[in-house]
Structures are given as structure tokens and as C-alpha cells.
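Reading through the C-alpha cells given below for one structure.
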Amino acid sequence: MTPLKRALALAATLLLTLPLLAACGDDGPKVVVYNAQHQELIEAVAKEFTKETGIDVELRDGSDLELANQLVAEGEHSPADVFLTENSPAMEVVDRKGLFAKLEQKTLDNIPAQFRPADGHWTGFAARSTVLVYNTDMVKKSELPTSLMDLADPKWKGKVSFSPTGADFQAIVAAVLALEGEDATKAWLAGLKENGTVYDGNNVVLKSVNDGQTATGIIYHYYWYRDQEEAGDNSDNTELHFFGNGDPGAYLSTSGAGVLANAEHPKEAQEFVNFLTSEKGQQVIADSYALEYTLNPKVQLDRGVKPLSSLEPPEVGTDELDSEKVVELMQEVGLL
Amino acid sequence: MTDRPGGRGPAGGALSPLLLVGILSVAVVLIPLGYVVVATITMGPGELWHLLWRARVGDLLTNTLLLLVAVVAITVAVGVGAAWAVCRTDLRGRGWWHAVLSAPLAVPAFVNSYGWVSLTNAVQSYGGAVLVVSLSYYPLVYLPVAGALAGLEAAPEEVARSLGRSRAQAFLSAAFPRLLPAVLGGALLVGLHVLAEFGALQLLAFPTFTTAIYGQYRSAFADNAGTVLASVLVALCIGLLLLELLVRGRRRLARVGRGSGRLPEPVRLRRSRPLVLGALVTLAVLALGVPLYSLAHWLLVGSSTEFVVGELGTALVSTLGLALAGAALTTAMAMPIAWLVVRRRGAAVTVLERAAYTANALPGIVVALALITVSIRLVPAIYQTLPVLLLAYAVLFLPRALVSVRGSLEHAPPVLDQVSRSLGQSSWQTFRRVTLPLVAPGVGAGAALVFLAIGTELTATLLLSPIGTSTLATEFWAASASVRYGAAAPYALLLVLASLPATVLLSRQSRPRRGHDAGVGPLPEGQAVTEIGVAA
């Protein structure tokens with residue numbers, strides 16, 4: 001009985017002290033960020049922001065729609081001040097519920113108009129290009145498809161992998177839907193399901209292609225470049241194929257930032273998003289491990305990544321992405 | 001065996017507040033279930049049909065059931081076989097073997113999967129999922145069966161043999177029925193674990209309802225589809241619970257007095273010794289060797305391996321804190337329910353208890369979402385605070401505590417309480433001085449099981465924890481899900497180390513003994529662990 005009592009006493013002590021620990025250092029100005037972007041990237045930006053402004057940044061990490069759904073469930077009671085995503089569909093989910101405040105004009109001016117919605121409720125701050133990664137032992141350059149749509153063709157059976165539950169792939173499907181229409185998208189998804197191997201996460205897709213489990217995979221560009229910059233463990237047997245030519249497969253997906261209308265710290269929130277899009281903030285992104293494209297024209301991402309200006313992406317407005325329809329189609333086809 | 005525990009003894013005075021606490025605990029646990037039911041009902045039959053009647057749901061159902069059946073069958077066979085070899089044969093070093101065979105409990109299922117997947121992609125298949133998940137879960141059968149075997153006296157088997165049965169027949173007819181509750185309890189735990197398993201199966205790329213719900217939740221809107229899938233999962237769980245009730249039948253186990261208490265002579269292995277030894281070594285290598293080798297490999301050679309002491313330390317402290325506090329709360333909630341179930345039997349109480357189990361089949365993500373919705377609407381002040389997170393843990397893991405507490409209470413004869421009351425002790429004094437010491441091992445085991453579960457909990461922690469909280473599990477997951485195996489390794493190592501004390505506690509409670517009194521008093525120590533006692 002004594003050990004039991006002691007354990008209970010210990011537990012009770014911890015129970016009482018944990019909130020105190022969590023509450024430490026709560027006094028200064030701060031901003032609460034729901035972050036669906038890669039954790040390390042935003043931590044790097046936040047660190048610079050705090051150094052610059054003295055405002056503390058609290059991060060809650062999650063994935064795009066996880067946090068978007070959480071924001072919608074929380075509604076006006078949400079403790080969040082800022083929402084950051086990897087792709088724009090999740091921004092649209094929150095925006096459609098009227099939960100965003102308008103961004104300051106000086107913030108919007110940082111980013112070219114094609115990377116943000118016309119109403120100024122949120123802005124892009126980084127972008128990633130769709131690519132096809134292929135195993136160089138299994139596929140010759142001359143055999144590569146000219147369009148992403150070709151991968152639904154029976155001749156690619158057993159030769160393509162992708163990660164359908166991720167927001168990344170769903171953003172690509174949203175672009176296909178906007179460009180090719182509902183019937184073509186559904187047929188394409190059905191063909192992909194027939195041909196493809198499903199994994200969870202783009203990194204896993206990349207690794208499976210590198211290991212020769214599948215010949216090709218649909219991912220974003222930076223997964224490959226990051227692995228190359230690290231050690232190439234998961235990518236040395238592969239190359240990237242950029243579709244270009246306005247093809248749906250050249251879709252450039254925008255990472256979004258917005259300020260919540262019911263933010264407890266609206267001033268700090270606006271300041272954070274402004275910093276994120278400013279020359280300084282964008283330079284932090286360009287210098288980080290992320291290798292995503294920066295969108296402020298004053299900053300360029302070099303480091304051997306195919307330049308943004310040479311990508312030839314299709315023209316798809318952020319407000320043309322109908323993710324609800326995307327999920328419906330993916331459910332009908334059986335990918336979700 | 002002779003006493004009728006359902007009778008209203010002198011302890012009846014304690015009933016009303018206790019019943020109230022029990023009902024309250026279960027009511028809290030049922031919040032997420034209510035959320036799923038309400039969401040499903042309010043959806044309307046058209047949309048419901050549309051979401052349920054499609055090929056994907058069929059695929060998931062097939063996957064989930066195939067996995068469930070295979071894993072339960074394998075874990076029962078492996079768990080009972082290993083327990084028999086360790087407890088009933090003349091195998092040398094049985095204490096050592098017992099420790100080795102219990103040890104996989106300290107390797108969380110998703111760490112085990114990570115170990116296998118990072119070595120070979122071949123396990124990303126049905127066979128691989130069955131293999132890896134079975135290796136992770138067989139201790140849930142092994143431990144209670146070993147515990148029960150350790151406390152099983154020789155007399156009934158000797159009687160059977162004296163009546164002309166062979167050794168095997170005697171074991172089956174006289175010993176096995178007494179083992180059945182332990183086997184069933186273990187199998188039920190394995191089944192519930194399989195239904196709710198997320199991390200391991202996600203890494204193994206084997207979609208089941210739980211991983212699909214998470215996928216839905218990450219993509220769908222207003223989460224209707226995920227909630228409907230969750231309702232199917234609840235139905236599966238209820239089916240499992242009913243099945244277990246049915247097989248268990250009406251048995252009572254408590255016994256006052258000592259019986260002969262002698263353990264049977266160990267079986268001589270003779271020529272089959274290399275076979276048995278080989279099987280045990282293979283099991284240990286697969287269940288323990290592979291994940292530990294993989295872990296060591298990534299710690300040493302992983303290109304993304306970093307030891308950021310500060311981050312590791314923070315994650316470790318918050319993991320231990322959350323797991324201890326959560327285990328204390330959950331076990332405290334389990335006590336009144338277990339007491340009611342054992343001492344105040346009846347249809348209503350059975351429903352109460354089984355209801356508590358049902359929430360266990362809901363994946364963390366559904367529980368978290370329900371608590372988000374409820375807490376932010378009704379009590380926004382506690383949203384994203386520690387109490388809500390601990391409550392989520394209690395919802396998810398109450399059955400684990402309940403199983404153990406109940407098991408030990410089954411073996412505590414109510415007559416001892418009655419004697420205590422008749423000697424003038426109050427009901428509280430009786431509880432403190434008589435009942436609690438009797439059930440303490442079970443309470444400790446339950447708390448240990450909950451501690452292990454919370455230490456590896458992922459989705460509810462991500463959604464409900466106070467902002468800025470990082471645990472070993474969440475950090476491990478962030479790294480391993482993005483194939484940074486090296487970066488994940490230090491967290492995996494700490495997870496294993498943090499799980500060790502609880503595993504040792506559980507392992508010691510079912511330690512095999514030889515040749516001395518097995519039926520000490522009313523509570524054979526080993527049976528406290530997870531012998532789930534009897535049905536009402």
C-alpha cells in the first residue's frame with residue numbers, strides 16, 4: 001500500500017505542477033500560430049521573428065485539414081491568431097466559414113497577385129511544384145509521360161505510387177479538377193487507383209521509388225531536393241520529371257497564411273504574417289532546409305533547385321480549388 | 001466458490017455514492033460514443049447509405065476483420081504456448097525467459113513497426129502487418145496466462161489423471177477451463193488493440209477502419225465520413241465484447257481457504273527440448289531482437305540522428321508526467337466500476353461495464369474530436385488544458401485499468417469485508433484496510449497498463465494537449481512518418497526506456513513459480529494481472 005500511496009502522491013504532484021510549467025513565461029506579447037507547414041521551417045522563421053520584434057510565438061503543429069477542421073470546430077472560441085498551411089485548400093475551408101480577417105495591404109503587396117485570393121483574406125508565402133519522381137533503373141527518360149493524366153493509362157499499371165490521404169495529393173487533384181473537369185478527373189483517379197500503390201506520405205513514396213518498389217511516384221519537388229541535400233539515402237537512384245507546359249502535373253501549390261478574425265492578438269498576428277512575407281522572413285525560408293519556392297520577388301531560391309520562373313505551371317486560381325468535390329470524387333473512386 | 005457475492009452485505013451503506021461515482025465515470029466515458037451516435041443519426045439515411053455502401057468500406061471491413069482474426073489467433077497460440085513452455089516444463093532459466101518474453105511490452109507497437117519497416121519494405125503487406133502486430137501484442141495473452149498458470153494448483157489435473165486421462169487430456173479438461181478467463185481476457189485486449197491501432201498500421205501501410213478514419217479526418221469536411229466509419233468500428237467492438245461474454249459463460253472463481261496449493265510436476269521435455277527452445281529463441285529474436293537491432297542501427301548510422309538533449313528531456317518529462325497523471329486518474333475511475341461489477345452484479349451494472357469498454361474501440365482521433373466539440377461549446381475555459389487531455393486518456397484506456405482491478409477484486413472474497421464490518425470498521429476503513437490491500441496488485445497492474453498506453457498515445461495528444469506540449473510519441477511520429485528514421489531513433493529509445501518500469505511491474509506479477517504454495521490466501525498474486533474474472 002505504501003508504494004501505491006507514494007505513486008498517487010507523485011502523480012498528484014505532477015498533476016498540479018504541469019500546468020504551472022506550461023504557464024511559464026506567459027507575460028510578454030505573443031502570437032498563437034496553428035501551423036500545418038513543416039515544423040522546423042516555421043520554427044526557424046518564428047525564431048527570427050521573435051528576435052526582431054520581441055513577440056513570442058506559440059506553435060500548435062498538425063496537418064492542413066486536421067487543423068482546418070479544428071479551427072472550424074473551435075469557431076469564434078479558437079485560441080489561434082494565425083493559421084499556416086502547406087497547401088491552399090485548407091485555407092479555403094477556413095475562409096468559407098468567414099473565420100479570416102483581411103490582411104494588411106503592406107503584407108499583400110509583398111506577394112504577387114497570382115499567389116493569393118482576390119479578397120485578401122489570406123496570402124501565399126511559399127510554393128511547391130508537382131513532380132514525378134522516377135527510378136532511373138526502371139524507367140528511361142524517353143518513356144516518361146508528357147502529362148500527369150497519362151498515368152491513368154493501363155501501360156502504367158503497377159508503376160506509380162502516391163499518397164492520397166495527404167493534403168498535398170488532394171491539392172494536385174483539385175488542380176486537375178479545375179483544369180480538366182469532373183468526368184475526366186474521376187476517370188483519371190479511377191485509373192490511378194487501378195495502376196498505383198498507395199503510401200502514407202510523400203517521403204514514403206520517394207523512398208519506395210528509390211528502393212525500386214515502384215517505378216514512379218507523384219510528389220512535390222522539395223522532398224527530392226531535401227534528401228539530395230542531406231545524404232541522398234532515399235533518392236540517389238531517382239530523378240525528377242517536371243511536366244511543365246501548363247500541364248496539370250506542373251501544378252504549383254501555394255502554402256497559405258491568414259489571420260483569424262477572432263484573434264486574441266490581432267496586432268501581433270498581422271505583424272507575424274507581414275514578417276513571413278517580407279524580404280527578411282522569405283530569406284529565412286530560402287536559407288532553411290525547406291527548399292520550397294519563396295514568393296516575394298525580392299528573394300530567390302537558388303541552391304540548385306529548378307528556378308520558379310522555368311516551371312511553366314498551369315493557371316489555376318486559389319479560389320477555383322473545390323476540395324469538397326475532390327474528397328467526394330476520391331470517396332467515389334475508393335481512394336478515401 | 002461457495003459465497004454468493006451478489007448479496008447485499010453490511011457494506012451496502014457505501015452503495016449509493018459509489019453507484020453515483022460509477023455512473024458518472026461511465027457517463028463521461030460515453031461522451032465520444034454519444035457524439036458518434038448523434039452524428040450518425042442526424043446525418044440522414046440518404047447520406048449515411050451513400051457513405052457506408054461503397055467499395056472502400058467493404059475493403060476496410062475485409063482488411064480489419066482479416067487482421068483481427070489472424071492476430072487474435074496467433075497471439076493466443078503464441079501466448080499460451082510460450083506460457084506453457086515457461087511455467088509447465090523443465091525448461092532451464094524460466095525467470096530469465098519470462099523476463100525476455102514479457103519485454104516486448106516495453107516496445108510500443110509503432111516502434112516495432114518502425115524497426116521492421118526501416119529494415120525491409122516487405123512487411124508493408126497483409127502478412128507483414130499480421131506478423132508485426134502479433135509480435136507486439138502476444139504479451140497481452142502471455143502475461144495473464146502465465147500468471148494464471150503460476151497460480152493453478154495440481155489437484156484437479158491429478159484427479160483427472162487418476163481417473164485415467166492422459167496428461168494432455170487432463171490439461172485440457174481440468175486446467176484449461178481455469179485458464180480460459182485469462183486467455184479470453186488477453187484475446188479481448190488484443191482484439192480491442194487491433195481495432196484501435198493507428199501508428200503501427202499506418203507505418204505498415206495496411207489500411208483499416210482506424211487509419212481510414214484518420215485519413216478521412218485529414219481530408220474530409222465537417223468530418224461526417226470519418227464519424228460514420230467510426231460507428232462501424234463501434235459496431236465491430238460491440239460484436240467482439242458480446243462474443244467474449246458468450247464464450248466466457250457464467251463462471252465464478254473466488255475461493256476462500258487454501259486447497260492443497262501445490263503446483264504440478266513440470267513436464268519433462270526430453271527430445272522436444274531443442275524444438276521448444278528453438279521456438280522461444282525465434283520468438284524472442286523476432287519480437288525483441290529485430291526492433292532493438294533496428295533501433296541501434298539507426299542510432300549509430302542514421303544520417304538524420306541528432307541528440308538534442310533539451311528537446312529530448314522536455315519530451316521525456318511531459319510524457320512521464322502525462323502518463324503518471326493519466327494512469328492515476330484512469331485507475332481511480334476504474335475502482336468504483338470494478339467494485340460494482342464484482343459485488344453488485346446485475347444487468348444494469350453489466351451494461352455499465354461493457355459500455356466502458358466500447359469507448360475503447362474508438363480511435364484517439366474520434367475521442368479527441370468529440371471532446372474538442374463538447375469542451376469548446378460547454379466549457380470553453382478548459383479547452384486545450386490538461387484536464388481535457390487526461391479525460392481523453394481516461395476514456396481511451398479505462399478498460400485496461402478496469403480489466404485488472406476487476407480481475408483482482410474477483411479473487412478477493414467479500415466475506416473478508418463482511419468480517420471487517422462486523423468487527424466495527426466503517427465501510428471506508430474496510431475499503432482502506434481490507435479491500436485495497438487485497439486488490440493493490442491488480443490496481444498497480446492496471447495503472448501500469450494505462451501508463452504504457454498513454455506513453456504511446458498519439459492522435460488525442462496531438463489535438464488536445466496544451467499548446468507547445470511535445471511528447472516522445474508525437475516527436476517520434478513526426479520524424480518516422482517523414483522517413484527520418486535516424487531522427488526518430490532517440491525518441492524511440494526513450495520510449496522503450498520509459499516503458500520498462502511498468503513492464504517489469506507487469507512481468508513480476510505473473511512470474512512463474514515452482515514448487516511452493518500457489519494458492520496463498522484469497523489472491524494468487526499472478527492472477528491479479530489480467531485475469532478478467534467472470535461474467536455476471
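We label chains A, B, ... in the order they appear in the C-alpha cells, count residues from 1 in each chain, and number ligands from 1 in the order shown.
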DSSP strand (DSSP E or B) residues within segment 123-313 of chain A, as a PyMOL selection string: chain A and resi 123-135+160-162+196-198+216-220+238-241+252-260+293-294
Distance query Val131 of chain A at most 7 Å, only C-alpha atoms, self and fewer than 2 positions along chain excluded, as a VMD selection string: chain A and resid 129 133 218 to 221 240 to 243 249 to 250
Do me a favour and pick out the residues of chain B within 6 Å of chain A, using only C-alpha atoms, as a PDB file with N, CA and C atoms, in the first residue's frame.
```pdb
ATOM      1  N   ARG B  56     -14.973   1.024 -50.858  1.00  0.00           N
ATOM      2  CA  ARG B  56     -13.910   1.327 -49.906  1.00  0.00           C
ATOM      3  C   ARG B  56     -14.239   0.769 -48.518  1.00  0.00           C
ATOM      4  N   GLY B 215      -7.438   9.238 -42.144  1.00  0.00           N
ATOM      5  CA  GLY B 215      -7.324   9.765 -43.499  1.00  0.00           C
ATOM      6  C   GLY B 215      -8.509  10.659 -43.855  1.00  0.00           C
ATOM      7  N   ARG B 218      -8.336  13.917 -42.072  1.00  0.00           N
ATOM      8  CA  ARG B 218      -7.352  14.832 -42.609  1.00  0.00           C
ATOM      9  C   ARG B 218      -7.794  15.424 -43.940  1.00  0.00           C
ATOM     10  N   SER B 219      -8.864  14.868 -44.531  1.00  0.00           N
ATOM     11  CA  SER B 219      -9.232  15.390 -45.835  1.00  0.00           C
ATOM     12  C   SER B 219     -10.664  15.874 -45.906  1.00  0.00           C
ATOM     13  N   GLY B 321       5.044  12.762 -17.072  1.00  0.00           N
ATOM     14  CA  GLY B 321       4.041  13.475 -16.289  1.00  0.00           C
ATOM     15  C   GLY B 321       2.636  13.116 -16.735  1.00  0.00           C
ATOM     16  N   LEU B 324       1.782   9.382 -15.894  1.00  0.00           N
ATOM     17  CA  LEU B 324       1.531   9.132 -14.466  1.00  0.00           C
ATOM     18  C   LEU B 324       0.190   9.717 -14.045  1.00  0.00           C
ATOM     19  N   ALA B 325      -0.042  10.983 -14.407  1.00  0.00           N
ATOM     20  CA  ALA B 325      -1.287  11.620 -14.010  1.00  0.00           C
ATOM     21  C   ALA B 325      -2.478  10.898 -14.639  1.00  0.00           C
ATOM     22  N   ILE B 467      -1.041  23.901 -25.684  1.00  0.00           N
ATOM     23  CA  ILE B 467      -0.190  24.314 -26.799  1.00  0.00           C
ATOM     24  C   ILE B 467       1.290  24.221 -26.418  1.00  0.00           C
ATOM     25  N   SER B 482       7.924  10.941 -41.633  1.00  0.00           N
ATOM     26  CA  SER B 482       8.560  11.566 -42.787  1.00  0.00           C
ATOM     27  C   SER B 482       9.879  10.878 -43.116  1.00  0.00           C
ATOM     28  N   VAL B 483       9.968   9.593 -42.736  1.00  0.00           N
ATOM     29  CA  VAL B 483      11.096   8.735 -43.087  1.00  0.00           C
ATOM     30  C   VAL B 483      12.431   9.258 -42.569  1.00  0.00           C
TER      31      VAL B 483
END
```
Pairwise distance for atom CA of Gly81 of chain B and atom CA of Leu149 of chain B, rounded to one decimal in Å: 11.6 Å
Nearest to Ala296 of chain B by atom-to-atom distance, counting only C-alpha atoms, from B:Ala473, B:Leu51, B:Leu189, B:Leu119: B:Leu119
